[in-house]
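Have a look at target06.pdb below; it lists PDB, C-alpha atoms and all ligand atoms.
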ATOM      1  CA  MET A  10     -20.287  36.983  15.027  1.00  0.00           C
ATOM      2  CA  LYS A  11     -16.489  36.933  15.310  1.00  0.00           C
ATOM      3  CA  ASP A  12     -14.482  37.721  12.182  1.00  0.00           C
ATOM      4  CA  ALA A  13     -13.020  34.203  11.929  1.00  0.00           C
ATOM      5  CA  GLU A  14     -16.503  32.673  12.188  1.00  0.00           C
ATOM      6  CA  ARG A  15     -17.893  35.034   9.547  1.00  0.00           C
ATOM      7  CA  SER A  16     -15.197  34.088   7.034  1.00  0.00           C
ATOM      8  CA  SER A  17     -15.407  30.354   7.706  1.00  0.00           C
ATOM      9  CA  ASP A  18     -19.159  30.579   7.080  1.00  0.00           C
ATOM     10  CA  THR A  19     -18.579  31.443   3.394  1.00  0.00           C
ATOM     11  CA  VAL A  20     -18.139  29.463   0.204  1.00  0.00           C
ATOM     12  CA  PHE A  21     -14.359  29.962   0.549  1.00  0.00           C
ATOM     13  CA  GLY A  22     -14.435  28.490   4.066  1.00  0.00           C
ATOM     14  CA  ALA A  23     -16.150  25.450   2.551  1.00  0.00           C
ATOM     15  CA  ILE A  24     -13.418  25.218  -0.130  1.00  0.00           C
ATOM     16  CA  VAL A  25     -10.688  25.378   2.562  1.00  0.00           C
ATOM     17  CA  ARG A  26     -12.410  22.531   4.419  1.00  0.00           C
ATOM     18  CA  GLY A  27     -12.742  20.494   1.203  1.00  0.00           C
ATOM     19  CA  GLU A  28     -16.538  20.521   1.414  1.00  0.00           C
ATOM     20  CA  ILE A  29     -16.988  21.902  -2.084  1.00  0.00           C
ATOM     21  CA  PRO A  30     -14.666  21.385  -5.034  1.00  0.00           C
ATOM     22  CA  ALA A  31     -12.292  23.939  -6.472  1.00  0.00           C
ATOM     23  CA  ASP A  32      -9.667  23.899  -9.207  1.00  0.00           C
ATOM     24  CA  ILE A  33      -6.702  24.330  -6.866  1.00  0.00           C
ATOM     25  CA  VAL A  34      -3.462  25.507  -8.515  1.00  0.00           C
ATOM     26  CA  TYR A  35      -1.326  26.008  -5.382  1.00  0.00           C
ATOM     27  CA  GLU A  36      -1.570  25.207  -1.666  1.00  0.00           C
ATOM     28  CA  ASP A  37       0.582  25.309   1.443  1.00  0.00           C
ATOM     29  CA  GLU A  38       0.069  25.367   5.204  1.00  0.00           C
ATOM     30  CA  GLN A  39      -1.178  28.951   5.234  1.00  0.00           C
ATOM     31  CA  CYS A  40      -3.154  29.408   2.048  1.00  0.00           C
ATOM     32  CA  ILE A  41      -4.690  27.938  -1.078  1.00  0.00           C
ATOM     33  CA  ALA A  42      -5.091  29.296  -4.602  1.00  0.00           C
ATOM     34  CA  PHE A  43      -7.795  28.186  -7.016  1.00  0.00           C
ATOM     35  CA  ARG A  44      -9.357  29.305 -10.295  1.00  0.00           C
ATOM     36  CA  ASP A  45     -12.228  31.784 -10.139  1.00  0.00           C
ATOM     37  CA  LEU A  46     -15.570  30.267 -11.239  1.00  0.00           C
ATOM     38  CA  ASN A  47     -16.347  33.378 -13.280  1.00  0.00           C
ATOM     39  CA  PRO A  48     -12.960  34.369 -14.761  1.00  0.00           C
ATOM     40  CA  GLN A  49     -12.428  37.978 -15.836  1.00  0.00           C
ATOM     41  CA  ALA A  50      -9.185  37.217 -17.710  1.00  0.00           C
ATOM     42  CA  PRO A  51      -7.523  34.136 -19.261  1.00  0.00           C
ATOM     43  CA  THR A  52      -5.841  33.625 -15.871  1.00  0.00           C
ATOM     44  CA  HIS A  53      -8.003  34.480 -12.863  1.00  0.00           C
ATOM     45  CA  VAL A  54      -6.882  32.803  -9.645  1.00  0.00           C
ATOM     46  CA  LEU A  55      -7.967  33.565  -6.080  1.00  0.00           C
ATOM     47  CA  VAL A  56      -5.395  33.332  -3.260  1.00  0.00           C
ATOM     48  CA  ILE A  57      -6.998  32.902   0.167  1.00  0.00           C
ATOM     49  CA  PRO A  58      -5.678  32.249   3.680  1.00  0.00           C
ATOM     50  CA  ARG A  59      -6.771  29.007   5.326  1.00  0.00           C
ATOM     51  CA  THR A  60      -7.548  30.851   8.540  1.00  0.00           C
ATOM     52  CA  GLY A  61     -10.401  33.248   8.853  1.00  0.00           C
ATOM     53  CA  ILE A  62     -10.125  36.937   8.124  1.00  0.00           C
ATOM     54  CA  SER A  63     -13.087  38.544   6.410  1.00  0.00           C
ATOM     55  CA  GLY A  64     -11.092  40.966   4.289  1.00  0.00           C
ATOM     56  CA  LEU A  65      -8.569  43.784   4.282  1.00  0.00           C
ATOM     57  CA  GLN A  66     -10.985  45.784   6.458  1.00  0.00           C
ATOM     58  CA  GLN A  67      -9.531  43.500   9.172  1.00  0.00           C
ATOM     59  CA  ALA A  68      -5.888  43.776   8.061  1.00  0.00           C
ATOM     60  CA  ASP A  69      -4.854  45.236  11.422  1.00  0.00           C
ATOM     61  CA  GLN A  70      -6.142  42.048  13.105  1.00  0.00           C
ATOM     62  CA  ALA A  71      -4.093  39.725  10.871  1.00  0.00           C
ATOM     63  CA  GLU A  72      -0.511  38.493  11.149  1.00  0.00           C
ATOM     64  CA  PRO A  73       1.648  40.771   8.973  1.00  0.00           C
ATOM     65  CA  GLU A  74       3.627  37.701   7.979  1.00  0.00           C
ATOM     66  CA  LEU A  75       0.474  36.057   6.614  1.00  0.00           C
ATOM     67  CA  LEU A  76      -0.449  39.150   4.576  1.00  0.00           C
ATOM     68  CA  GLY A  77       3.057  39.253   3.107  1.00  0.00           C
ATOM     69  CA  HIS A  78       2.933  35.537   2.364  1.00  0.00           C
ATOM     70  CA  LEU A  79      -0.281  35.956   0.367  1.00  0.00           C
ATOM     71  CA  LEU A  80       1.469  38.492  -1.886  1.00  0.00           C
ATOM     72  CA  GLN A  81       4.420  36.150  -2.393  1.00  0.00           C
ATOM     73  CA  VAL A  82       2.020  33.333  -3.288  1.00  0.00           C
ATOM     74  CA  ALA A  83       0.333  35.674  -5.793  1.00  0.00           C
ATOM     75  CA  GLN A  84       3.750  36.104  -7.420  1.00  0.00           C
ATOM     76  CA  ALA A  85       4.339  32.327  -7.381  1.00  0.00           C
ATOM     77  CA  VAL A  86       0.957  31.765  -9.045  1.00  0.00           C
ATOM     78  CA  ALA A  87       1.698  34.425 -11.696  1.00  0.00           C
ATOM     79  CA  ARG A  88       5.022  32.707 -12.425  1.00  0.00           C
ATOM     80  CA  GLN A  89       3.383  29.273 -12.560  1.00  0.00           C
ATOM     81  CA  GLU A  90       0.751  30.640 -14.959  1.00  0.00           C
ATOM     82  CA  GLY A  91       3.429  32.115 -17.259  1.00  0.00           C
ATOM     83  CA  LEU A  92       2.424  35.730 -16.608  1.00  0.00           C
ATOM     84  CA  GLU A  93       5.761  37.143 -15.474  1.00  0.00           C
ATOM     85  CA  ALA A  94       7.028  38.372 -18.848  1.00  0.00           C
ATOM     86  CA  ASP A  95       3.907  40.280 -19.861  1.00  0.00           C
ATOM     87  CA  GLY A  96       2.691  41.442 -16.444  1.00  0.00           C
ATOM     88  CA  TRP A  97      -0.291  40.739 -14.261  1.00  0.00           C
ATOM     89  CA  ARG A  98      -2.477  42.335 -11.601  1.00  0.00           C
ATOM     90  CA  VAL A  99      -3.508  41.723  -8.002  1.00  0.00           C
ATOM     91  CA  VAL A 100      -6.894  43.051  -6.887  1.00  0.00           C
ATOM     92  CA  VAL A 101      -8.421  42.996  -3.420  1.00  0.00           C
ATOM     93  CA  ASN A 102     -12.011  44.214  -3.273  1.00  0.00           C
ATOM     94  CA  VAL A 103     -12.926  45.609   0.139  1.00  0.00           C
ATOM     95  CA  GLY A 104     -16.471  46.056   1.368  1.00  0.00           C
ATOM     96  CA  GLU A 105     -19.600  46.905  -0.539  1.00  0.00           C
ATOM     97  CA  ALA A 106     -18.338  49.908  -2.509  1.00  0.00           C
ATOM     98  CA  GLY A 107     -15.146  47.977  -3.267  1.00  0.00           C
ATOM     99  CA  GLY A 108     -17.178  45.196  -4.880  1.00  0.00           C
ATOM    100  CA  GLN A 109     -16.440  42.493  -2.288  1.00  0.00           C
ATOM    101  CA  THR A 110     -19.009  39.683  -2.406  1.00  0.00           C
ATOM    102  CA  VAL A 111     -17.318  36.973  -0.305  1.00  0.00           C
ATOM    103  CA  GLU A 112     -16.378  37.795   3.294  1.00  0.00           C
ATOM    104  CA  HIS A 113     -13.164  35.757   3.358  1.00  0.00           C
ATOM    105  CA  LEU A 114      -9.990  37.618   2.378  1.00  0.00           C
ATOM    106  CA  HIS A 115      -8.987  36.838  -1.213  1.00  0.00           C
ATOM    107  CA  LEU A 116      -6.460  38.219  -3.676  1.00  0.00           C
ATOM    108  CA  HIS A 117      -7.502  38.121  -7.326  1.00  0.00           C
ATOM    109  CA  VAL A 118      -4.522  37.300  -9.587  1.00  0.00           C
ATOM    110  CA  LEU A 119      -5.395  38.362 -13.129  1.00  0.00           C
ATOM    111  CA  GLY A 120      -3.450  38.130 -16.360  1.00  0.00           C
ATOM    112  CA  GLY A 121      -3.219  36.764 -19.868  1.00  0.00           C
ATOM    113  CA  ARG A 122      -4.646  39.848 -21.564  1.00  0.00           C
ATOM    114  CA  GLN A 123      -3.999  43.618 -21.577  1.00  0.00           C
ATOM    115  CA  LEU A 124      -5.752  44.916 -18.456  1.00  0.00           C
ATOM    116  CA  THR A 125      -7.210  48.386 -18.543  1.00  0.00           C
ATOM    117  CA  TRP A 126      -7.196  51.205 -15.994  1.00  0.00           C
ATOM    118  CA  PRO A 127      -9.183  52.568 -14.251  1.00  0.00           C
ATOM    119  CA  PRO A 128     -11.143  49.476 -13.167  1.00  0.00           C
ATOM    120  CA  GLY A 129     -14.939  49.640 -13.360  1.00  0.00           C
TER     121      GLY A 129
HETATM  122  P1  LIG A 201     -15.153  39.467  -4.709  1.00  0.00           P
HETATM  123  O1  LIG A 201     -16.267  40.030  -5.559  1.00  0.00           O
HETATM  124  O2  LIG A 201     -13.894  40.274  -4.734  1.00  0.00           O
HETATM  125  O3  LIG A 201     -15.636  39.138  -3.304  1.00  0.00           O
HETATM  126  O4  LIG A 201     -14.743  38.106  -5.408  1.00  0.00           O
HETATM  127  C1  LIG A 201     -15.382  36.897  -5.194  1.00  0.00           C
HETATM  128  C2  LIG A 201     -15.001  36.009  -6.342  1.00  0.00           C
HETATM  129  O5  LIG A 201     -15.273  34.678  -5.979  1.00  0.00           O
HETATM  130  C3  LIG A 201     -15.788  36.282  -7.643  1.00  0.00           C
HETATM  131  O6  LIG A 201     -14.861  36.605  -8.669  1.00  0.00           O
HETATM  132  C4  LIG A 201     -16.506  34.962  -7.909  1.00  0.00           C
HETATM  133  O7  LIG A 201     -16.563  34.644  -9.276  1.00  0.00           O
HETATM  134  C5  LIG A 201     -15.660  33.960  -7.141  1.00  0.00           C
HETATM  135  N1  LIG A 201     -16.311  32.752  -6.662  1.00  0.00           N
HETATM  136  C6  LIG A 201     -17.480  32.666  -5.985  1.00  0.00           C
HETATM  137  N2  LIG A 201     -17.736  31.386  -5.675  1.00  0.00           N
HETATM  138  C7  LIG A 201     -16.700  30.651  -6.150  1.00  0.00           C
HETATM  139  C8  LIG A 201     -16.376  29.263  -6.142  1.00  0.00           C
HETATM  140  N3  LIG A 201     -17.165  28.347  -5.559  1.00  0.00           N
HETATM  141  N4  LIG A 201     -15.219  28.870  -6.730  1.00  0.00           N
HETATM  142  C9  LIG A 201     -14.405  29.777  -7.318  1.00  0.00           C
HETATM  143  N5  LIG A 201     -14.652  31.092  -7.353  1.00  0.00           N
HETATM  144  C10 LIG A 201     -15.785  31.519  -6.791  1.00  0.00           C
END

Structure translated into structure tokens:
Amino acid sequence: MKDAERSSDTVFGAIVRGEIPADIVYEDEQCIAFRDLNPQAPTHVLVIPRTGISGLQQADQAEPELLGHLLQVAQAVARQEGLEADGWRVVVNVGEAGGQTVEHLHLHVLGGRQLTWPPG
């Protein structure tokens, strides 16, 4: 299966197509951002590209401009959520050992509490 097909065949592909609902907090031509169903912090938003890429394991196949845009949208979401003063975190889980469960690239934007390090 091609990478774009694999990622469109996920729950996030269905959200991009509007087939299942999501609490969308930001969208533009290239990406959407919506609240995580199982939040790990008071703010937990996922930023995903509309087009298919299964994860950062395929970063070398993606447009660098798109990858940069996703980070700028993460910042815009953090600002919108009022996280800028206190700080926030972006997490990208990659592959099985990285804890990735959905094969469609997504940035976790987390904030609203003191986050600890190292992650679990
Ligand atoms: P990861 O483990 O990095 O692949 O993250 C996948 C994230 O997607 C998890 O935090 C899930 O809680 C979240 N998730 C799964 N299904 C949905 C959904 N339908 N709407 C919002 N978030 C979801």

Give, as AutoDock Vina command-line options, the centre coordinates and the x, y and z edge lengths in Å to one decimal for an axis-aligned box around all listed atoms of range 94-110 of chain A, padded by 5 Å on each side.
--center_x -6.3 --center_y 44.1 --center_z -9.2 --size_x 36.6 --size_y 21.5 --size_z 31.2

Residues within 10 Å of Leu55 in chain A, all atoms listed in the file, excluding chain neighbours under 4 positions, as number ranges by chain: A: 21, 33-34, 41-46, 83, 86, 99-101, 114-119

Top pick for closest residue to ligand LIG 201 (chain A), considering A:Ser17, A:Gln66, A:Thr110, A:Thr125 and counting all atoms listed in the file: A:Thr110

The PyMOL selection byres (((chain A and resi 111) around 10) and not hetatm) resolved against shown file, as a ChimeraX atom specification: /A:16,18-22,63-64,102-104,108-110,112-115

Matched chain/residue IDs from the PyMOL selection byres (((chain A and resi 50) around 8) and not hetatm), as a list in words: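 Checked against the file, the PyMOL selection byres (((chain A and resi 50) around 8) and not hetatm) matches Pro48, Gln49, Pro51, Thr52, His53, Leu119, Gly120, Gly121 and Arg122 of chain A.
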
Residue IDs satisfying the PyMOL selection byres (((chain A and resi 60) around 8) and not hetatm), as a PyMOL selection string: chain A and resi 13+17+39-40+58-59+61-62

Two-atom distance - CA of Glu28 in chain A, atom N1 of ligand LIG 201 (chain A) (Å):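 Straight-line distance from CA of Glu28 in chain A to atom N1 of ligand LIG 201 (chain A) works out to 14.7 Å.
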
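Distances from A:Leu75, A:Gln123, A:Asp69, A:Asp12 to Leu92 in chain A were compared using all atoms listed in the file, and the smallest one belongs to A:Gln123.
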
Nearest-residue call for ligand LIG 201 (chain A), choices A:Arg98, A:Gly107, A:Gln89, A:Tyr35, using all atoms listed in the file: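 Closest candidate: A:Gly107.
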
Residue among A:Glu72, A:Asp32, A:Asp95, A:Glu14 lying closest to ligand LIG 201 (chain A), counting only C-alpha atoms and all ligand atoms: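 Among A:Glu72, A:Asp32, A:Asp95, A:Glu14, it is A:Asp32 that comes nearest to ligand LIG 201 (chain A).
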
Nearest to ligand LIG 201 (chain A), chosen from A:Val82, A:Pro73, A:Glu105, A:Pro127, with all atoms listed in the file counted in the distances: A:Glu105

Among the residues A:Ile24, A:Asn47, A:Ile57, A:Ile29, the one that comes closest to ligand LIG 201 (chain A) [using only C-alpha atoms and all ligand atoms]: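 Distance minimum relative to ligand LIG 201 (chain A) lands on A:Asn47.
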
Could you give me range 66-77 of chain A completed to all heavy atoms, formatted as a PDB file, in the frame of the given file?
ATOM      1  N   GLN A  66     -10.438  44.906   5.420  1.00  0.00           N
ATOM      2  CA  GLN A  66     -10.985  45.784   6.458  1.00  0.00           C
ATOM      3  C   GLN A  66     -10.563  45.299   7.850  1.00  0.00           C
ATOM      4  O   GLN A  66     -10.707  46.040   8.816  1.00  0.00           O
ATOM      5  CB  GLN A  66     -12.524  45.921   6.347  1.00  0.00           C
ATOM      6  CG  GLN A  66     -13.334  44.645   6.311  1.00  0.00           C
ATOM      7  CD  GLN A  66     -13.434  44.032   4.935  1.00  0.00           C
ATOM      8  OE1 GLN A  66     -12.442  43.522   4.468  1.00  0.00           O
ATOM      9  NE2 GLN A  66     -14.600  44.054   4.317  1.00  0.00           N
ATOM     10  N   GLN A  67     -10.036  44.057   7.913  1.00  0.00           N
ATOM     11  CA  GLN A  67      -9.531  43.500   9.172  1.00  0.00           C
ATOM     12  C   GLN A  67      -8.007  43.308   9.122  1.00  0.00           C
ATOM     13  O   GLN A  67      -7.465  42.520   9.900  1.00  0.00           O
ATOM     14  CB  GLN A  67     -10.192  42.138   9.448  1.00  0.00           C
ATOM     15  CG  GLN A  67     -11.705  42.200   9.624  1.00  0.00           C
ATOM     16  CD  GLN A  67     -12.092  42.843  10.942  1.00  0.00           C
ATOM     17  OE1 GLN A  67     -11.344  42.773  11.908  1.00  0.00           O
ATOM     18  NE2 GLN A  67     -13.252  43.473  10.979  1.00  0.00           N
ATOM     19  N   ALA A  68      -7.335  43.988   8.229  1.00  0.00           N
ATOM     20  CA  ALA A  68      -5.888  43.776   8.061  1.00  0.00           C
ATOM     21  C   ALA A  68      -5.123  43.998   9.360  1.00  0.00           C
ATOM     22  O   ALA A  68      -4.141  43.303   9.647  1.00  0.00           O
ATOM     23  CB  ALA A  68      -5.340  44.688   6.965  1.00  0.00           C
ATOM     24  N   ASP A  69      -5.583  44.955  10.174  1.00  0.00           N
ATOM     25  CA  ASP A  69      -4.854  45.236  11.422  1.00  0.00           C
ATOM     26  C   ASP A  69      -5.037  44.138  12.456  1.00  0.00           C
ATOM     27  O   ASP A  69      -4.342  44.123  13.474  1.00  0.00           O
ATOM     28  CB  ASP A  69      -5.251  46.602  11.993  1.00  0.00           C
ATOM     29  CG  ASP A  69      -6.749  46.737  12.258  1.00  0.00           C
ATOM     30  OD1 ASP A  69      -7.514  45.818  11.904  1.00  0.00           O
ATOM     31  OD2 ASP A  69      -7.144  47.774  12.820  1.00  0.00           O
ATOM     32  N   GLN A  70      -5.943  43.189  12.204  1.00  0.00           N
ATOM     33  CA  GLN A  70      -6.142  42.048  13.105  1.00  0.00           C
ATOM     34  C   GLN A  70      -5.360  40.813  12.638  1.00  0.00           C
ATOM     35  O   GLN A  70      -5.356  39.787  13.309  1.00  0.00           O
ATOM     36  CB  GLN A  70      -7.637  41.648  13.167  1.00  0.00           C
ATOM     37  CG  GLN A  70      -8.581  42.793  13.477  1.00  0.00           C
ATOM     38  CD  GLN A  70      -8.337  43.397  14.837  1.00  0.00           C
ATOM     39  OE1 GLN A  70      -8.225  42.661  15.811  1.00  0.00           O
ATOM     40  NE2 GLN A  70      -8.219  44.700  14.901  1.00  0.00           N
ATOM     41  N   ALA A  71      -4.754  40.896  11.459  1.00  0.00           N
ATOM     42  CA  ALA A  71      -4.093  39.725  10.871  1.00  0.00           C
ATOM     43  C   ALA A  71      -2.595  39.759  11.149  1.00  0.00           C
ATOM     44  O   ALA A  71      -2.024  40.814  11.451  1.00  0.00           O
ATOM     45  CB  ALA A  71      -4.336  39.707   9.366  1.00  0.00           C
ATOM     46  N   GLU A  72      -1.965  38.575  11.026  1.00  0.00           N
ATOM     47  CA  GLU A  72      -0.511  38.493  11.149  1.00  0.00           C
ATOM     48  C   GLU A  72       0.119  39.160   9.924  1.00  0.00           C
ATOM     49  O   GLU A  72      -0.178  38.762   8.785  1.00  0.00           O
ATOM     50  CB  GLU A  72      -0.061  37.035  11.186  1.00  0.00           C
ATOM     51  CG  GLU A  72      -0.421  36.300  12.467  1.00  0.00           C
ATOM     52  CD  GLU A  72       0.317  36.851  13.674  1.00  0.00           C
ATOM     53  OE1 GLU A  72       1.435  37.378  13.487  1.00  0.00           O
ATOM     54  OE2 GLU A  72      -0.237  36.774  14.778  1.00  0.00           O
ATOM     55  N   PRO A  73       0.990  40.156  10.130  1.00  0.00           N
ATOM     56  CA  PRO A  73       1.648  40.771   8.973  1.00  0.00           C
ATOM     57  C   PRO A  73       2.367  39.746   8.102  1.00  0.00           C
ATOM     58  O   PRO A  73       2.381  39.867   6.871  1.00  0.00           O
ATOM     59  CB  PRO A  73       2.644  41.748   9.609  1.00  0.00           C
ATOM     60  CG  PRO A  73       2.063  42.065  10.944  1.00  0.00           C
ATOM     61  CD  PRO A  73       1.365  40.810  11.396  1.00  0.00           C
ATOM     62  N   GLU A  74       2.907  38.718   8.747  1.00  0.00           N
ATOM     63  CA  GLU A  74       3.627  37.701   7.979  1.00  0.00           C
ATOM     64  C   GLU A  74       2.680  36.964   7.022  1.00  0.00           C
ATOM     65  O   GLU A  74       3.048  36.637   5.889  1.00  0.00           O
ATOM     66  CB  GLU A  74       4.292  36.711   8.937  1.00  0.00           C
ATOM     67  CG  GLU A  74       5.374  35.885   8.283  1.00  0.00           C
ATOM     68  CD  GLU A  74       5.229  34.413   8.623  1.00  0.00           C
ATOM     69  OE1 GLU A  74       4.997  34.097   9.809  1.00  0.00           O
ATOM     70  OE2 GLU A  74       5.338  33.601   7.690  1.00  0.00           O
ATOM     71  N   LEU A  75       1.454  36.723   7.479  1.00  0.00           N
ATOM     72  CA  LEU A  75       0.474  36.057   6.614  1.00  0.00           C
ATOM     73  C   LEU A  75       0.126  36.951   5.423  1.00  0.00           C
ATOM     74  O   LEU A  75       0.081  36.487   4.281  1.00  0.00           O
ATOM     75  CB  LEU A  75      -0.797  35.714   7.405  1.00  0.00           C
ATOM     76  CG  LEU A  75      -1.947  35.165   6.558  1.00  0.00           C
ATOM     77  CD1 LEU A  75      -1.577  33.817   5.924  1.00  0.00           C
ATOM     78  CD2 LEU A  75      -3.227  35.025   7.392  1.00  0.00           C
ATOM     79  N   LEU A  76      -0.094  38.237   5.676  1.00  0.00           N
ATOM     80  CA  LEU A  76      -0.449  39.150   4.576  1.00  0.00           C
ATOM     81  C   LEU A  76       0.680  39.215   3.552  1.00  0.00           C
ATOM     82  O   LEU A  76       0.434  39.197   2.341  1.00  0.00           O
ATOM     83  CB  LEU A  76      -0.772  40.539   5.126  1.00  0.00           C
ATOM     84  CG  LEU A  76      -1.977  40.607   6.076  1.00  0.00           C
ATOM     85  CD1 LEU A  76      -2.150  42.024   6.606  1.00  0.00           C
ATOM     86  CD2 LEU A  76      -3.246  40.126   5.402  1.00  0.00           C
ATOM     87  N   GLY A  77       1.914  39.256   4.027  1.00  0.00           N
ATOM     88  CA  GLY A  77       3.057  39.253   3.107  1.00  0.00           C
ATOM     89  C   GLY A  77       3.155  37.952   2.338  1.00  0.00           C
ATOM     90  O   GLY A  77       3.453  37.935   1.131  1.00  0.00           O
TER      91      GLY A  77
END
